[in-house]
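Taking it in order: structure first as structure tokens, then the write-up.
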Amino acid sequence: MQRRILALAALFGAALAPGLAAASENFPISYTTLGLEGSYVDSGNSRNKSAVEGNLANYWEGGLNITHQFNPNFSLFGQASYAEPETRVNNVDIELWRFSLGGRIHPGKFRLGGWRPFAGGGYSNTNLDIDGGDSKNEDSLYLEGGLQRMLAPRFMFEAGVRARTELEDGYVDGQYFAGIHYLFNRKFPAAPSAEIAPRREPVIAPPKDSDGDGVIDELDKCPNTPQGALVDADGCPKELTREIRETLYVEFELDKTEVREAFYPDIEKLAKVMKEYPTSTILLEGHTDSTGSASYNQRLSKSRADAVMKVLINEFGIMRNRITTSGMGESQPVASNDTPEGRAQNRRVEAVVSGEHTEIMKK
């Protein structure tokens, strides 16, 4: 009988072989299996050496398994198995029926080269029917460990070892097993739903105009235009250039070159204009009346112009290189030299500030 079961398991495996996939498949998260198992039992010895049924020689065993995997980490195992061992004493034939129930623990994702390990334990009840004698029931507990591998979407192979301890006599059997299982009621992880995100229209930022002159930064060749300035197409401020002209009139006493303090306020005003427009220059022209020789008056007029220049430099901080002096002598009177009043007007220095000033045009 035992040999017939093992032969049936071998035939069953041979019949399945053409349909098995070469590569391993993913394990379902839950399933139920029905399978055939073949095993070799390394039988332990009872303490009672005179007991026939407790002292069995090593034997082959075949079983019908059913398992249910509740989740990726736990399954329930049940087995009904049959064997025809002989006793170590007198070689008496025995029919062995065993019913086992236990649980198994599986790592959810851990694999050893495509193999899934498992460990478990449970309870076995064994009925020993002695040829020509009595029968006996034994209760035992077992621990097991092994490896499983998917051979095809519905077929799984497993192999491992069990250690079974008989509770009454305490002897331990070692069992090496392998089996083929057919899977049904399979459940797999739900495929992630491919949600289509709503299409969002691209947000186009408005062109940037950092200085607020109306010309975007990308086209602005003058990025730091002052607020309120008129600009051209390149973003550069429009400029207005105008001529600067200021006149100073300083009178001198007869045959004198000292600048009277009464004219200092007028000279100071002229100095402020020159500071306001730092690129401007000044021409100082000295003049005399007709008293004295022309050559003397020429030198006198130049000295008067130089006197005003010294006041601009020493009193009001105007640079020397911005001042030009010239003596005109008596050649350009502004009044008649026939009267004292007219001659007083002709004894003078005229100053002209000139230059160009450029300023930004406002809106």
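In the structure tokens, chains take letters A, B, ... by order of appearance, with residues numbered from 1 within each chain and ligands from 1 in the order shown.
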
Excluding stretch 331-341 of chain A and its own-chain neighbours fewer than 2 positions away, which residues fall within 9 Å of it when counting only C-alpha atoms? Please give them as a ChimeraX atom specification. /A:287-291,294,298,328-329,343-347

Would you return as a ChimeraX atom specification the members of stretch 90-246 of chain A that DSSP assigns to strand (DSSP E or B) on this structure's backbone? /A:93-105,112,115-130,135-152,155-166,172-187,229,231,237,239-246

Written file, previous selection with C-alpha atoms, as an mmCIF file, in the first residue's frame:
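Saved file selection-v2.cif follows:
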data_model
loop_
_atom_site.group_PDB
_atom_site.id
_atom_site.type_symbol
_atom_site.label_atom_id
_atom_site.label_comp_id
_atom_site.auth_asym_id
_atom_site.auth_seq_id
_atom_site.Cartn_x
_atom_site.Cartn_y
_atom_site.Cartn_z
ATOM 1 C CA ASP A 93 4.462 -5.472 9.515
ATOM 2 C CA ILE A 94 2.495 -2.448 10.714
ATOM 3 C CA GLU A 95 -0.038 -0.223 8.998
ATOM 4 C CA LEU A 96 0.456 3.415 10.042
ATOM 5 C CA TRP A 97 -2.137 6.144 9.673
ATOM 6 C CA ARG A 98 -1.209 9.652 10.764
ATOM 7 C CA PHE A 99 -3.290 12.815 10.957
ATOM 8 C CA SER A 100 -1.517 16.135 11.520
ATOM 9 C CA LEU A 101 -2.693 19.706 12.014
ATOM 10 C CA GLY A 102 -0.475 22.720 12.440
ATOM 11 C CA GLY A 103 0.409 26.282 11.470
ATOM 12 C CA ARG A 104 3.171 27.799 9.391
ATOM 13 C CA ILE A 105 4.868 31.182 9.407
ATOM 14 C CA LEU A 112 16.505 32.768 -0.844
ATOM 15 C CA TRP A 115 12.691 30.156 -2.553
ATOM 16 C CA ARG A 116 10.396 31.208 0.279
ATOM 17 C CA PRO A 117 11.338 29.756 3.684
ATOM 18 C CA PHE A 118 8.766 28.688 6.228
ATOM 19 C CA ALA A 119 8.677 27.346 9.781
ATOM 20 C CA GLY A 120 5.853 25.689 11.638
ATOM 21 C CA GLY A 121 4.651 23.307 14.277
ATOM 22 C CA GLY A 122 1.590 21.310 15.301
ATOM 23 C CA TYR A 123 0.004 18.134 16.592
ATOM 24 C CA SER A 124 -0.049 14.601 15.145
ATOM 25 C CA ASN A 125 -2.152 11.582 16.042
ATOM 26 C CA THR A 126 -0.724 8.279 14.813
ATOM 27 C CA ASN A 127 -2.615 4.954 14.642
ATOM 28 C CA LEU A 128 -0.441 1.836 14.530
ATOM 29 C CA ASP A 129 -2.210 -1.370 13.426
ATOM 30 C CA ILE A 130 0.029 -4.356 14.147
ATOM 31 C CA SER A 135 -3.488 -1.387 17.536
ATOM 32 C CA LYS A 136 -2.122 1.667 19.309
ATOM 33 C CA ASN A 137 -2.646 5.460 19.142
ATOM 34 C CA GLU A 138 0.196 7.863 19.773
ATOM 35 C CA ASP A 139 0.029 11.594 20.341
ATOM 36 C CA SER A 140 2.986 13.748 19.320
ATOM 37 C CA LEU A 141 4.047 17.321 18.676
ATOM 38 C CA TYR A 142 6.202 18.364 15.759
ATOM 39 C CA LEU A 143 8.315 21.238 14.552
ATOM 40 C CA GLU A 144 9.168 21.760 10.887
ATOM 41 C CA GLY A 145 11.035 24.028 8.534
ATOM 42 C CA GLY A 146 11.519 24.144 4.779
ATOM 43 C CA LEU A 147 11.488 26.023 1.502
ATOM 44 C CA GLN A 148 8.757 26.641 -1.066
ATOM 45 C CA ARG A 149 8.922 27.732 -4.677
ATOM 46 C CA MET A 150 6.295 28.551 -7.274
ATOM 47 C CA LEU A 151 6.842 26.375 -10.350
ATOM 48 C CA ALA A 152 3.908 27.736 -12.323
ATOM 49 C CA PHE A 155 1.766 24.731 -8.808
ATOM 50 C CA MET A 156 4.083 24.985 -5.825
ATOM 51 C CA PHE A 157 6.931 22.722 -4.739
ATOM 52 C CA GLU A 158 8.093 22.427 -1.143
ATOM 53 C CA ALA A 159 10.719 20.443 0.767
ATOM 54 C CA GLY A 160 11.840 20.373 4.367
ATOM 55 C CA VAL A 161 12.350 18.434 7.564
ATOM 56 C CA ARG A 162 10.191 17.684 10.632
ATOM 57 C CA ALA A 163 11.086 16.625 14.133
ATOM 58 C CA ARG A 164 8.217 14.745 15.831
ATOM 59 C CA THR A 165 8.246 13.997 19.571
ATOM 60 C CA GLU A 166 6.003 11.224 20.898
ATOM 61 C CA VAL A 172 11.856 11.692 18.427
ATOM 62 C CA ASP A 173 11.341 10.864 14.744
ATOM 63 C CA GLY A 174 13.077 12.803 11.994
ATOM 64 C CA GLN A 175 11.098 13.223 8.754
ATOM 65 C CA TYR A 176 12.471 14.504 5.437
ATOM 66 C CA PHE A 177 9.697 15.483 3.023
ATOM 67 C CA ALA A 178 8.971 16.912 -0.420
ATOM 68 C CA GLY A 179 5.684 17.622 -2.119
ATOM 69 C CA ILE A 180 3.782 19.170 -5.022
ATOM 70 C CA HIS A 181 0.749 21.409 -4.359
ATOM 71 C CA TYR A 182 -2.014 22.680 -6.616
ATOM 72 C CA LEU A 183 -3.272 26.190 -5.775
ATOM 73 C CA PHE A 184 -6.828 27.489 -6.018
ATOM 74 C CA ASN A 185 -8.806 30.355 -4.474
ATOM 75 C CA ARG A 186 -5.805 32.550 -5.189
ATOM 76 C CA LYS A 187 -5.779 36.236 -4.324
ATOM 77 C CA ALA A 229 12.190 109.015 -16.300
ATOM 78 C CA VAL A 231 12.898 106.118 -21.737
ATOM 79 C CA PRO A 237 16.473 107.409 -20.139
ATOM 80 C CA GLU A 239 18.363 113.140 -21.757
ATOM 81 C CA LEU A 240 18.130 116.922 -22.303
ATOM 82 C CA THR A 241 21.340 118.935 -22.754
ATOM 83 C CA ARG A 242 21.320 122.683 -22.146
ATOM 84 C CA GLU A 243 24.018 125.400 -22.025
ATOM 85 C CA ILE A 244 24.988 126.998 -18.697
ATOM 86 C CA ARG A 245 25.821 130.704 -18.674
ATOM 87 C CA GLU A 246 26.201 132.813 -15.553
#

Every residue of stretch 210-333 of chain A that DSSP places in helix (DSSP H, G or I), as number ranges by chain: A: 261-276, 294-316, 320-322

A:Asp211 environment, 7 Å, only C-alpha atoms, sequence neighbours closer than 2 positions dropped, as a PyMOL selection string: chain A and resi 209+213+223-225

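For the atom pair formed by atom CA of A:Arg154 and atom CA of A:Asn73, the distance is 19.0 Å, given to one decimal.
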
Please compute the atom CA of A:Gly63-atom CA of A:Phe188 distance, one decimal, in Å. 28.2 Å

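Between atom CA of A:Ile267 and atom CA of A:Ser303 the interatomic distance comes to 16.8 Å.
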
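Ranking A:Ile282, A:Leu167, A:Val215, A:Met274 by their shortest atom-to-atom distance to A:Glu350, with only C-alpha atoms included, puts A:Ile282 first.
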
Fewer than 2 positions away in the same chain doesn't count, so skip those; otherwise give me all residues within 9 Å of A:Gln69, counting only C-alpha atoms, as a CSV table (one decimal) with C-alpha atoms, in the first residue's frame.
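After the write, part_38.csv holds the following:
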chain,number,residue,atom,x,y,z
A,28,PRO,CA,-0.4,34.9,-4.1
A,29,ILE,CA,-1.1,36.7,-0.8
A,30,SER,CA,-3.7,34.0,0.0
A,31,TYR,CA,-4.7,30.7,-1.4
A,32,THR,CA,-5.8,27.1,-0.7
A,33,THR,CA,-3.7,24.1,-1.8
A,67,THR,CA,-3.2,24.0,3.3
A,71,ASN,CA,-2.2,36.2,4.4
A,72,PRO,CA,1.4,36.5,3.3
A,73,ASN,CA,2.7,35.6,6.8
A,74,PHE,CA,0.5,32.7,8.1
A,75,SER,CA,-1.0,29.5,6.8
A,76,LEU,CA,-2.8,26.5,8.3
A,77,PHE,CA,-1.5,23.0,7.4
A,104,ARG,CA,3.2,27.8,9.4

Show which residues sit within 7 Å of A:Gly286, as a ChimeraX atom specification. Count only C-alpha atoms, and ignore same-chain residues fewer than 2 positions away. /A:284,301-302,304-305,326-329,348-350

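When only C-alpha atoms are used to compute distances to A:Thr281, the closest of the residues A:Ile216, A:Ala351, A:Leu300, A:Val311 turns out to be A:Ala351.
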
If we count only C-alpha atoms and set the cut-off at 12 Å, which residues sit around A:Glu315, ignoring sequence neighbours fewer than 2 positions away in its own chain? Please answer as a ChimeraX atom specification. /A:261,264-265,267-268,271-272,307-313,317-319

Take the residues that were just selected and, keeping all heavy atoms, output them as a tab-separated table (two decimals), in the first residue's frame.
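New file out-v9.tsv:
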chain	number	residue	atom	x	y	z
A	261	GLU	N	35.01	143.25	-0.25
A	261	GLU	CA	34.15	142.23	0.36
A	261	GLU	C	32.69	142.39	-0.02
A	261	GLU	O	31.91	141.44	0.08
A	261	GLU	CB	34.30	142.28	1.89
A	261	GLU	CG	35.65	141.79	2.37
A	261	GLU	CD	35.71	141.68	3.89
A	261	GLU	OE1	34.65	141.91	4.53
A	261	GLU	OE2	36.78	141.34	4.42
A	264	TYR	N	31.80	139.69	-2.40
A	264	TYR	CA	31.96	138.27	-2.06
A	264	TYR	C	30.65	137.47	-2.21
A	264	TYR	O	30.68	136.32	-2.69
A	264	TYR	CB	32.51	138.15	-0.64
A	264	TYR	CG	34.03	138.17	-0.56
A	264	TYR	CD1	34.77	139.06	-1.34
A	264	TYR	CD2	34.72	137.32	0.29
A	264	TYR	CE1	36.16	139.09	-1.27
A	264	TYR	CE2	36.10	137.33	0.36
A	264	TYR	CZ	36.81	138.22	-0.41
A	264	TYR	OH	38.17	138.25	-0.35
A	265	PRO	N	29.50	138.02	-1.79
A	265	PRO	CA	28.26	137.23	-1.96
A	265	PRO	C	27.99	136.88	-3.43
A	265	PRO	O	27.53	135.76	-3.73
A	265	PRO	CB	27.18	138.15	-1.39
A	265	PRO	CG	27.90	138.98	-0.39
A	265	PRO	CD	29.24	139.24	-1.00
A	267	ILE	N	30.29	136.53	-5.76
A	267	ILE	CA	31.26	135.51	-6.15
A	267	ILE	C	30.85	134.14	-5.59
A	267	ILE	O	31.00	133.11	-6.26
A	267	ILE	CB	32.68	135.91	-5.66
A	267	ILE	CG1	33.12	137.23	-6.32
A	267	ILE	CG2	33.68	134.80	-5.95
A	267	ILE	CD1	34.43	137.78	-5.78
A	268	GLU	N	30.32	134.12	-4.37
A	268	GLU	CA	29.89	132.86	-3.76
A	268	GLU	C	28.75	132.22	-4.56
A	268	GLU	O	28.72	131.00	-4.76
A	268	GLU	CB	29.44	133.10	-2.32
A	268	GLU	CG	29.04	131.81	-1.60
A	268	GLU	CD	28.60	132.07	-0.16
A	268	GLU	OE1	28.45	133.24	0.20
A	268	GLU	OE2	28.43	131.09	0.58
A	271	ALA	N	30.24	130.52	-7.42
A	271	ALA	CA	30.92	129.29	-7.02
A	271	ALA	C	29.92	128.15	-6.83
A	271	ALA	O	30.19	126.98	-7.17
A	271	ALA	CB	31.71	129.52	-5.74
A	272	LYS	N	28.71	128.43	-6.29
A	272	LYS	CA	27.68	127.41	-6.10
A	272	LYS	C	27.23	126.84	-7.43
A	272	LYS	O	26.98	125.64	-7.56
A	272	LYS	CB	26.50	127.99	-5.33
A	272	LYS	CG	26.81	128.25	-3.86
A	272	LYS	CD	25.56	128.78	-3.14
A	272	LYS	CE	25.85	129.00	-1.67
A	272	LYS	NZ	24.67	129.54	-0.94
A	307	ALA	N	42.94	138.31	-9.21
A	307	ALA	CA	42.50	138.53	-7.82
A	307	ALA	C	41.16	137.83	-7.58
A	307	ALA	O	40.93	137.20	-6.53
A	307	ALA	CB	42.40	140.02	-7.55
A	308	VAL	N	40.25	137.94	-8.54
A	308	VAL	CA	38.96	137.25	-8.40
A	308	VAL	C	39.17	135.74	-8.41
A	308	VAL	O	38.51	134.98	-7.67
A	308	VAL	CB	38.00	137.70	-9.52
A	308	VAL	CG1	36.70	136.91	-9.45
A	308	VAL	CG2	37.72	139.20	-9.40
A	309	MET	N	40.13	135.27	-9.23
A	309	MET	CA	40.41	133.83	-9.28
A	309	MET	C	40.85	133.33	-7.90
A	309	MET	O	40.42	132.25	-7.45
A	309	MET	CB	41.49	133.55	-10.33
A	309	MET	CG	41.90	132.09	-10.40
A	309	MET	SD	43.21	131.78	-11.60
A	309	MET	CE	44.59	132.59	-10.78
A	310	LYS	N	41.73	134.12	-7.21
A	310	LYS	CA	42.20	133.69	-5.90
A	310	LYS	C	41.06	133.59	-4.89
A	310	LYS	O	41.04	132.70	-4.04
A	310	LYS	CB	43.26	134.66	-5.40
A	310	LYS	CG	44.56	134.57	-6.18
A	310	LYS	CD	45.56	135.61	-5.66
A	310	LYS	CE	46.86	135.56	-6.47
A	310	LYS	NZ	47.83	136.59	-6.00
A	311	VAL	N	40.08	134.48	-4.99
A	311	VAL	CA	38.92	134.41	-4.08
A	311	VAL	C	38.13	133.12	-4.33
A	311	VAL	O	37.70	132.43	-3.40
A	311	VAL	CB	38.04	135.65	-4.24
A	311	VAL	CG1	36.76	135.51	-3.41
A	311	VAL	CG2	38.79	136.90	-3.82
A	312	LEU	N	37.92	132.79	-5.59
A	312	LEU	CA	37.19	131.55	-5.91
A	312	LEU	C	37.91	130.31	-5.39
A	312	LEU	O	37.29	129.38	-4.87
A	312	LEU	CB	37.00	131.44	-7.43
A	312	LEU	CG	35.94	132.33	-8.06
A	312	LEU	CD1	36.05	132.30	-9.58
A	312	LEU	CD2	34.54	131.88	-7.63
A	313	ILE	N	39.23	130.32	-5.49
A	313	ILE	CA	40.01	129.15	-5.06
A	313	ILE	C	40.10	129.09	-3.55
A	313	ILE	O	39.81	128.06	-2.92
A	313	ILE	CB	41.41	129.19	-5.70
A	313	ILE	CG1	41.31	129.05	-7.23
A	313	ILE	CG2	42.28	128.08	-5.12
A	313	ILE	CD1	42.65	129.26	-7.95
A	317	GLY	N	36.69	127.13	-2.76
A	317	GLY	CA	37.09	125.78	-3.11
A	317	GLY	C	36.94	125.37	-4.56
A	317	GLY	O	36.77	124.19	-4.86
A	318	ILE	N	37.01	126.33	-5.48
A	318	ILE	CA	36.93	125.99	-6.90
A	318	ILE	C	38.33	125.61	-7.39
A	318	ILE	O	39.31	126.27	-7.07
A	318	ILE	CB	36.37	127.17	-7.73
A	318	ILE	CG1	35.00	127.58	-7.20
A	318	ILE	CG2	36.28	126.79	-9.20
A	318	ILE	CD1	33.96	126.49	-7.22
A	319	MET	N	38.43	124.53	-8.16
A	319	MET	CA	39.72	124.06	-8.63
A	319	MET	C	40.31	125.03	-9.65
A	319	MET	O	39.60	125.59	-10.49
A	319	MET	CB	39.59	122.66	-9.26
A	319	MET	CG	39.08	121.60	-8.30
A	319	MET	SD	40.19	121.33	-6.91
A	319	MET	CE	41.60	120.65	-7.77
